[in-house]
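> Pasting a structure below so you can have a look.
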Amino acid sequence: MFRSLKVHNYRLFAAGGIVSNLGTWMQRTAQDWLVLDLTGSAVALGITTALQFLPQLMFGLFGGVLADRYPKRPVLIVAQSLMAVLAVTMGVLTVTGSAEEWHVYTMAFALGVISCVEVPTRQAFVVEMVGREDLPNAIALNASIFNLARVVGPALAGVLMYAIGIGPIFLLNALTFGGVISSLLLMRKAELTPAELVPRAKGQLREGLRYVVERSELLLPILVIAFMAMFTQSFSMSIALMAREVFGQGASSFGVASSAFAVGALAGALLAARRARPTRKLLIAGAIGFGLFQVVVGLAPFYPVYLLLLAPTGIALITVNTAANSLVQMSTSPEMRGRVMGIYVLVFTGGAPIGAPLIGWIADLGGPRVGVMLGGVLTLAGTGLAIMLTRLIAARRTRPALATA
């Protein structure tokens, strides 16, 4: 389950990731609550989520090109440093009582811009530390670290928001970036196996898109993630709305609900770490399970039942995420990995600007329960559509070859 940790550089990366992800989830929880305090609006919360992921729609593919073109470790150090600066800025504004709605919107958008480069670079950097054999295990362990922080971070943020307020949490997050920056600086460069850098040339973006479309082993997981991602982020947003508006809970209970969801996600990630290699069937089963559990969660009659249902929902979600990520990276050649992961990250995060405001608007009209259940129904429909599109494109691609023969 933990075999990737035998690699020195990955151990450093994982340790820094635990610290940084903990701060990130604390900040996300504080940011959601700050928006609700400033506006009291589900639409505003959806807009904040959308703005954080909107840059992926605008610049995400170019971020993947840069990941293939430049050394990944220095790029990650610069990106993490810029994120720390943003956290300090928002923390100071909030502590001094100067924070306004547009400040949160601006920070969310700026974080999204940096993530356009940072996320595909980080995803493509994993194989340079552990190699292809241990790549699925490392991806699953990364998900475990992410979701361990998701368990602890929101709960800790809920306690800290009650004890010291929202602003200091942003400042604490700024300090946690030192963990991942230090781990990158302390790595043994000789033990990394970097891919050959791709020189600047015309048509590299189109080449990446064509590479994905021509390979069904890449196209299916990317399409499944594309349709699911529209409602993944809105589901995380809906946890705040359900806790506050349906069950009448406060900030600390919101943190508990977020952690309950993350407990399931952590369990799903640890299960994924035990698998030698995921399959398409596992990917589809996880997507269907996530859609169904969203519907069931929306029907939860009481808060304790709601908390219990969040755990299997988290298992289903992380099963899809780890399976899709592993299938995509294992099926991609090294010189194309940055661009392919740029496309993957684009669809993984780029759907939020569509899904999050839509679900937020529906939640304002019909209540959070309706928003959650509709997200589940649309997830199921999107999964079916992804399978149909993959088969249709594959069939059209083979017809010319048959005609020529």
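Letters A, B, ... go to the chains of the structure tokens in the order shown; residues in each chain start at 1; ligands are counted from 1 in the same order.
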Using only C-alpha atoms, determine which residues lie at most 8 Å from Arg369 of chain A, disregarding the query and same-chain residues fewer than 5 positions distant; provide the list as a PDB file with N, CA, C and O atoms, in the first residue's frame.


ATOM      1  N   MET A 242     -26.140  22.461   2.943  1.00  0.00           N
ATOM      2  CA  MET A 242     -26.959  21.478   3.658  1.00  0.00           C
ATOM      3  C   MET A 242     -26.782  21.635   5.169  1.00  0.00           C
ATOM      4  O   MET A 242     -27.757  21.612   5.931  1.00  0.00           O
ATOM      5  N   VAL A 246     -30.307  23.413   5.774  1.00  0.00           N
ATOM      6  CA  VAL A 246     -31.251  22.291   5.944  1.00  0.00           C
ATOM      7  C   VAL A 246     -31.270  21.809   7.390  1.00  0.00           C
ATOM      8  O   VAL A 246     -32.332  21.594   7.975  1.00  0.00           O
ATOM      9  N   GLY A 298     -29.146  13.766  -0.759  1.00  0.00           N
ATOM     10  CA  GLY A 298     -30.133  14.829  -0.818  1.00  0.00           C
ATOM     11  C   GLY A 298     -31.431  14.485  -0.118  1.00  0.00           C
ATOM     12  O   GLY A 298     -32.189  15.383   0.281  1.00  0.00           O
ATOM     13  N   LEU A 299     -31.690  13.185   0.063  1.00  0.00           N
ATOM     14  CA  LEU A 299     -32.919  12.727   0.719  1.00  0.00           C
ATOM     15  C   LEU A 299     -32.733  12.461   2.213  1.00  0.00           C
ATOM     16  O   LEU A 299     -33.694  12.078   2.889  1.00  0.00           O
ATOM     17  N   ALA A 363     -30.246  25.650  -5.888  1.00  0.00           N
ATOM     18  CA  ALA A 363     -30.380  25.543  -4.432  1.00  0.00           C
ATOM     19  C   ALA A 363     -31.086  26.764  -3.857  1.00  0.00           C
ATOM     20  O   ALA A 363     -31.851  26.656  -2.885  1.00  0.00           O
TER      21      ALA A 363
END

> Quick one: of A:Leu186, A:Ile114, A:Val35, A:Leu292, who's nearest to Tyr10 of chain A, counting only C-alpha atoms?

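Comparing A:Leu186, A:Ile114, A:Val35, A:Leu292 against Tyr10 of chain A, the winner is A:Leu186.
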
> Write out as a PyMOL selection string which residues come within 12 Å of Thr390 of chain A when counting only C-alpha atoms, dropping same-chain ones fewer than 3 positions away.

chain A and resi 212-224+383-387+393-397

> Go through segment 303-385 of chain A residue by residue and, counting only C-alpha atoms, keep those with an atom at most 8 Å from segment 260-271 of chain A; for each kept residue give the shortest atom pair and its distance in Å to one decimal, ordered by chain and increasing number, as a tab-separated table.


residue	atom	partner	partner_atom	distance
A:Leu307	CA	A:Ala260	CA	6.0
A:Leu308	CA	A:Ala260	CA	7.4
A:Leu310	CA	A:Phe261	CA	4.6
A:Ala311	CA	A:Gly264	CA	3.9
A:Pro312	CA	A:Gly264	CA	5.5
A:Thr313	CA	A:Gly264	CA	6.8
A:Gly314	CA	A:Ala265	CA	4.1
A:Ile315	CA	A:Gly268	CA	4.4
A:Ala316	CA	A:Gly268	CA	7.1
A:Leu317	CA	A:Ala265	CA	6.9
A:Ile318	CA	A:Ala265	CA	5.3
A:Thr319	CA	A:Gly268	CA	5.8
A:Thr322	CA	A:Ala269	CA	7.2

> Any idea what's packed within 6 Å of Pro154 of chain A, counting only C-alpha atoms, ignoring anything in its chain fewer than 2 positions away? Could you give it as number ranges by chain?

A: 26, 29, 152, 156-157, 255

> Output the selection as a PDB file, in the first residue's frame - N, CA and C atoms for each residue.


ATOM      1  N   MET A  26      -8.053  23.941   5.288  1.00  0.00           N
ATOM      2  CA  MET A  26      -8.464  24.916   6.300  1.00  0.00           C
ATOM      3  C   MET A  26      -8.901  26.216   5.627  1.00  0.00           C
ATOM      4  N   THR A  29     -12.296  25.912   3.733  1.00  0.00           N
ATOM      5  CA  THR A  29     -13.422  25.962   4.662  1.00  0.00           C
ATOM      6  C   THR A  29     -13.671  27.391   5.132  1.00  0.00           C
ATOM      7  N   VAL A 152      -9.025  16.260   8.332  1.00  0.00           N
ATOM      8  CA  VAL A 152      -8.575  17.036   9.480  1.00  0.00           C
ATOM      9  C   VAL A 152      -8.797  18.531   9.271  1.00  0.00           C
ATOM     10  N   LEU A 156     -10.615  21.099  11.845  1.00  0.00           N
ATOM     11  CA  LEU A 156      -9.731  22.017  12.557  1.00  0.00           C
ATOM     12  C   LEU A 156     -10.101  23.461  12.262  1.00  0.00           C
ATOM     13  N   ALA A 157     -10.444  23.739  11.000  1.00  0.00           N
ATOM     14  CA  ALA A 157     -10.858  25.093  10.634  1.00  0.00           C
ATOM     15  C   ALA A 157     -12.114  25.503  11.377  1.00  0.00           C
ATOM     16  N   GLY A 255     -17.650  21.886   9.482  1.00  0.00           N
ATOM     17  CA  GLY A 255     -16.353  21.228   9.403  1.00  0.00           C
ATOM     18  C   GLY A 255     -16.464  19.729   9.607  1.00  0.00           C
TER      19      GLY A 255
END

> Among segment 143-208 of chain A, which residues does DSSP mark as helix (DSSP H, G or I) when it is run on the backbone? Keep the chain and numbering as in the structure and answer as a PyMOL selection string.

chain A and resi 143-163+167-185+189-191+204-208

> Can you write just those residues out, N, CA and C atoms, as a short mmCIF file (atom, residue, chain, number, x, y, z; two decimals), in the first residue's frame?


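Contents of part07.cif, as written:
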data_model
loop_
_atom_site.label_atom_id
_atom_site.label_comp_id
_atom_site.auth_asym_id
_atom_site.auth_seq_id
_atom_site.Cartn_x
_atom_site.Cartn_y
_atom_site.Cartn_z
N ALA A 143 -3.68 10.98 -3.36
CA ALA A 143 -5.10 11.16 -3.03
C ALA A 143 -5.35 10.91 -1.55
N SER A 144 -4.63 9.95 -0.96
CA SER A 144 -4.79 9.68 0.47
C SER A 144 -4.35 10.89 1.29
N ILE A 145 -3.22 11.47 0.91
CA ILE A 145 -2.71 12.66 1.61
C ILE A 145 -3.71 13.80 1.49
N PHE A 146 -4.20 14.00 0.26
CA PHE A 146 -5.17 15.06 0.00
C PHE A 146 -6.41 14.88 0.87
N ASN A 147 -6.89 13.65 0.97
CA ASN A 147 -8.13 13.42 1.70
C ASN A 147 -7.92 13.28 3.19
N LEU A 148 -6.71 12.89 3.63
CA LEU A 148 -6.40 12.97 5.05
C LEU A 148 -6.49 14.43 5.51
N ALA A 149 -5.94 15.32 4.68
CA ALA A 149 -6.04 16.75 4.99
C ALA A 149 -7.49 17.21 4.93
N ARG A 150 -8.27 16.62 4.02
CA ARG A 150 -9.69 16.98 3.91
C ARG A 150 -10.46 16.53 5.15
N VAL A 151 -10.00 15.45 5.80
CA VAL A 151 -10.63 15.00 7.03
C VAL A 151 -10.32 15.96 8.17
N VAL A 152 -9.03 16.26 8.33
CA VAL A 152 -8.58 17.04 9.48
C VAL A 152 -8.80 18.53 9.27
N GLY A 153 -8.51 19.02 8.05
CA GLY A 153 -8.52 20.46 7.79
C GLY A 153 -9.84 21.15 8.10
N PRO A 154 -10.97 20.70 7.50
CA PRO A 154 -12.23 21.39 7.78
C PRO A 154 -12.65 21.35 9.25
N ALA A 155 -12.41 20.19 9.91
CA ALA A 155 -12.76 20.09 11.32
C ALA A 155 -11.92 21.05 12.15
N LEU A 156 -10.61 21.10 11.85
CA LEU A 156 -9.73 22.02 12.56
C LEU A 156 -10.10 23.46 12.26
N ALA A 157 -10.44 23.74 11.00
CA ALA A 157 -10.86 25.09 10.63
C ALA A 157 -12.11 25.50 11.38
N GLY A 158 -13.06 24.57 11.53
CA GLY A 158 -14.28 24.87 12.27
C GLY A 158 -13.99 25.27 13.71
N VAL A 159 -13.06 24.55 14.35
CA VAL A 159 -12.69 24.87 15.73
C VAL A 159 -11.98 26.22 15.78
N LEU A 160 -11.05 26.45 14.85
CA LEU A 160 -10.28 27.69 14.86
C LEU A 160 -11.14 28.90 14.52
N MET A 161 -12.11 28.73 13.60
CA MET A 161 -13.00 29.84 13.30
C MET A 161 -13.78 30.27 14.54
N TYR A 162 -14.14 29.30 15.36
CA TYR A 162 -14.85 29.62 16.60
C TYR A 162 -13.92 30.27 17.61
N ALA A 163 -12.65 29.80 17.65
CA ALA A 163 -11.72 30.26 18.68
C ALA A 163 -11.02 31.57 18.33
N GLY A 167 -9.90 35.14 9.70
CA GLY A 167 -8.69 35.71 9.12
C GLY A 167 -7.41 34.96 9.42
N PRO A 168 -7.14 34.59 10.69
CA PRO A 168 -5.89 33.90 10.98
C PRO A 168 -5.70 32.58 10.25
N ILE A 169 -6.80 31.98 9.81
CA ILE A 169 -6.67 30.71 9.09
C ILE A 169 -5.96 30.92 7.74
N PHE A 170 -6.25 32.03 7.07
CA PHE A 170 -5.54 32.33 5.83
C PHE A 170 -4.04 32.49 6.09
N LEU A 171 -3.70 33.13 7.19
CA LEU A 171 -2.28 33.33 7.53
C LEU A 171 -1.60 32.02 7.88
N LEU A 172 -2.31 31.13 8.58
CA LEU A 172 -1.75 29.81 8.87
C LEU A 172 -1.51 29.02 7.59
N ASN A 173 -2.43 29.14 6.64
CA ASN A 173 -2.24 28.44 5.38
C ASN A 173 -0.99 28.94 4.66
N ALA A 174 -0.73 30.24 4.71
CA ALA A 174 0.46 30.79 4.07
C ALA A 174 1.73 30.13 4.63
N LEU A 175 1.75 29.87 5.94
CA LEU A 175 2.92 29.22 6.55
C LEU A 175 3.09 27.79 6.07
N THR A 176 1.97 27.09 5.81
CA THR A 176 2.07 25.68 5.42
C THR A 176 2.70 25.48 4.05
N PHE A 177 2.69 26.51 3.21
CA PHE A 177 3.33 26.36 1.90
C PHE A 177 4.84 26.14 2.04
N GLY A 178 5.38 26.55 3.19
CA GLY A 178 6.80 26.30 3.43
C GLY A 178 7.14 24.82 3.44
N GLY A 179 6.17 23.97 3.80
CA GLY A 179 6.43 22.53 3.83
C GLY A 179 6.73 21.97 2.46
N VAL A 180 5.89 22.26 1.49
CA VAL A 180 6.09 21.70 0.16
C VAL A 180 7.26 22.37 -0.56
N ILE A 181 7.46 23.69 -0.33
CA ILE A 181 8.60 24.38 -0.95
C ILE A 181 9.91 23.79 -0.42
N SER A 182 9.98 23.54 0.89
CA SER A 182 11.19 22.95 1.47
C SER A 182 11.44 21.55 0.91
N SER A 183 10.38 20.77 0.75
CA SER A 183 10.57 19.41 0.23
C SER A 183 11.11 19.43 -1.19
N LEU A 184 10.66 20.38 -2.00
CA LEU A 184 11.16 20.49 -3.37
C LEU A 184 12.62 20.93 -3.40
N LEU A 185 13.00 21.83 -2.51
CA LEU A 185 14.38 22.31 -2.47
C LEU A 185 15.35 21.24 -1.98
N LYS A 189 18.44 15.79 -6.86
CA LYS A 189 18.21 15.96 -8.30
C LYS A 189 18.68 14.76 -9.10
N ALA A 190 19.76 14.12 -8.64
CA ALA A 190 20.32 12.99 -9.39
C ALA A 190 19.38 11.80 -9.42
N GLU A 191 18.45 11.72 -8.46
CA GLU A 191 17.54 10.58 -8.39
C GLU A 191 16.22 10.83 -9.12
N GLN A 204 1.66 22.64 -30.78
CA GLN A 204 1.80 21.69 -29.67
C GLN A 204 0.49 21.47 -28.93
N LEU A 205 -0.32 22.51 -28.84
CA LEU A 205 -1.61 22.38 -28.17
C LEU A 205 -2.54 21.47 -28.98
N ARG A 206 -2.59 21.68 -30.29
CA ARG A 206 -3.42 20.83 -31.15
C ARG A 206 -2.92 19.39 -31.14
N GLU A 207 -1.61 19.22 -31.07
CA GLU A 207 -1.03 17.89 -31.02
C GLU A 207 -1.51 17.13 -29.78
N GLY A 208 -1.57 17.82 -28.63
CA GLY A 208 -2.04 17.19 -27.40
C GLY A 208 -3.49 16.78 -27.49
#

> Write out as a PyMOL selection string each polymer residue whose atoms come within 12 Å of Phe53 of chain A, counting only C-alpha atoms; drop sequence neighbours fewer than 6 positions from it.

chain A and resi 46-47+59-60+105+107-116+119+229-230+233-234+345-357

> Just want the 6 Å neighbourhood of segment 126-136 of chain A, counted on only C-alpha atoms, with same-chain residues fewer than 3 positions away dropped. Output as a VMD selection string.

chain A and resid 10 123 139 192 to 194 326

> Using Å and a single decimal, report how far atom CA of Arg210 of chain A sits from atom CA of Met228 of chain A.

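So the two atoms, atom CA of Met228 of chain A and atom CA of Arg210 of chain A, lie 22.2 Å apart.
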
> Quick one: everything within 9 Å of Phe62 of chain A, counting only C-alpha atoms, minus sequence neighbours fewer than 3 positions away in the same chain. Send it as a ChimeraX atom specification.

/A:58-59,65-67,116-117,205,339,342

> As an exercise, work out the distance from atom CA of Pro278 of chain A to atom CA of Trp25 of chain A in Å and give it to one decimal place.

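If I compute the distance from atom CA of Pro278 of chain A to atom CA of Trp25 of chain A, I get 27.1 Å.
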
> What gap, in Å, lies between atom CA of Ala79 of chain A and atom CA of Glu118 of chain A?

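Going from atom CA of Ala79 of chain A over to atom CA of Glu118 of chain A, I get 6.0 Å.
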
> Considering only C-alpha atoms, can you say which of A:Leu38, A:Leu82, A:Ile239, A:Val370 comes closest to Glu101 of chain A?

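Looking at the shortest contact to Glu101 of chain A, the residue is A:Leu38.
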
> Between A:Leu327, A:Leu389, A:Leu374, A:Val85, which has the minimum distance to Val296 of chain A (counting only C-alpha atoms)?

A:Leu374

> Ranking A:Gly382, A:Phe13, A:Ser238, A:Leu5 by minimum distance to Arg188 of chain A and counting only C-alpha atoms, which one comes first?

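Under the stated criterion, the closest residue is A:Phe13.
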
> Of the residues A:Ala124, A:Val104, A:Leu51, A:Ala138, which is the one nearest to Val7 of chain A, using only C-alpha atoms?

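Of A:Ala124, A:Val104, A:Leu51, A:Ala138, the one nearest Val7 of chain A is A:Ala138, counting only C-alpha atoms.
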
> Closest to Ala87 of chain A among A:Arg277, A:Arg28, A:Lys72, A:Arg122, using only C-alpha atoms?

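Smallest separation from Ala87 of chain A among the options: A:Arg28.
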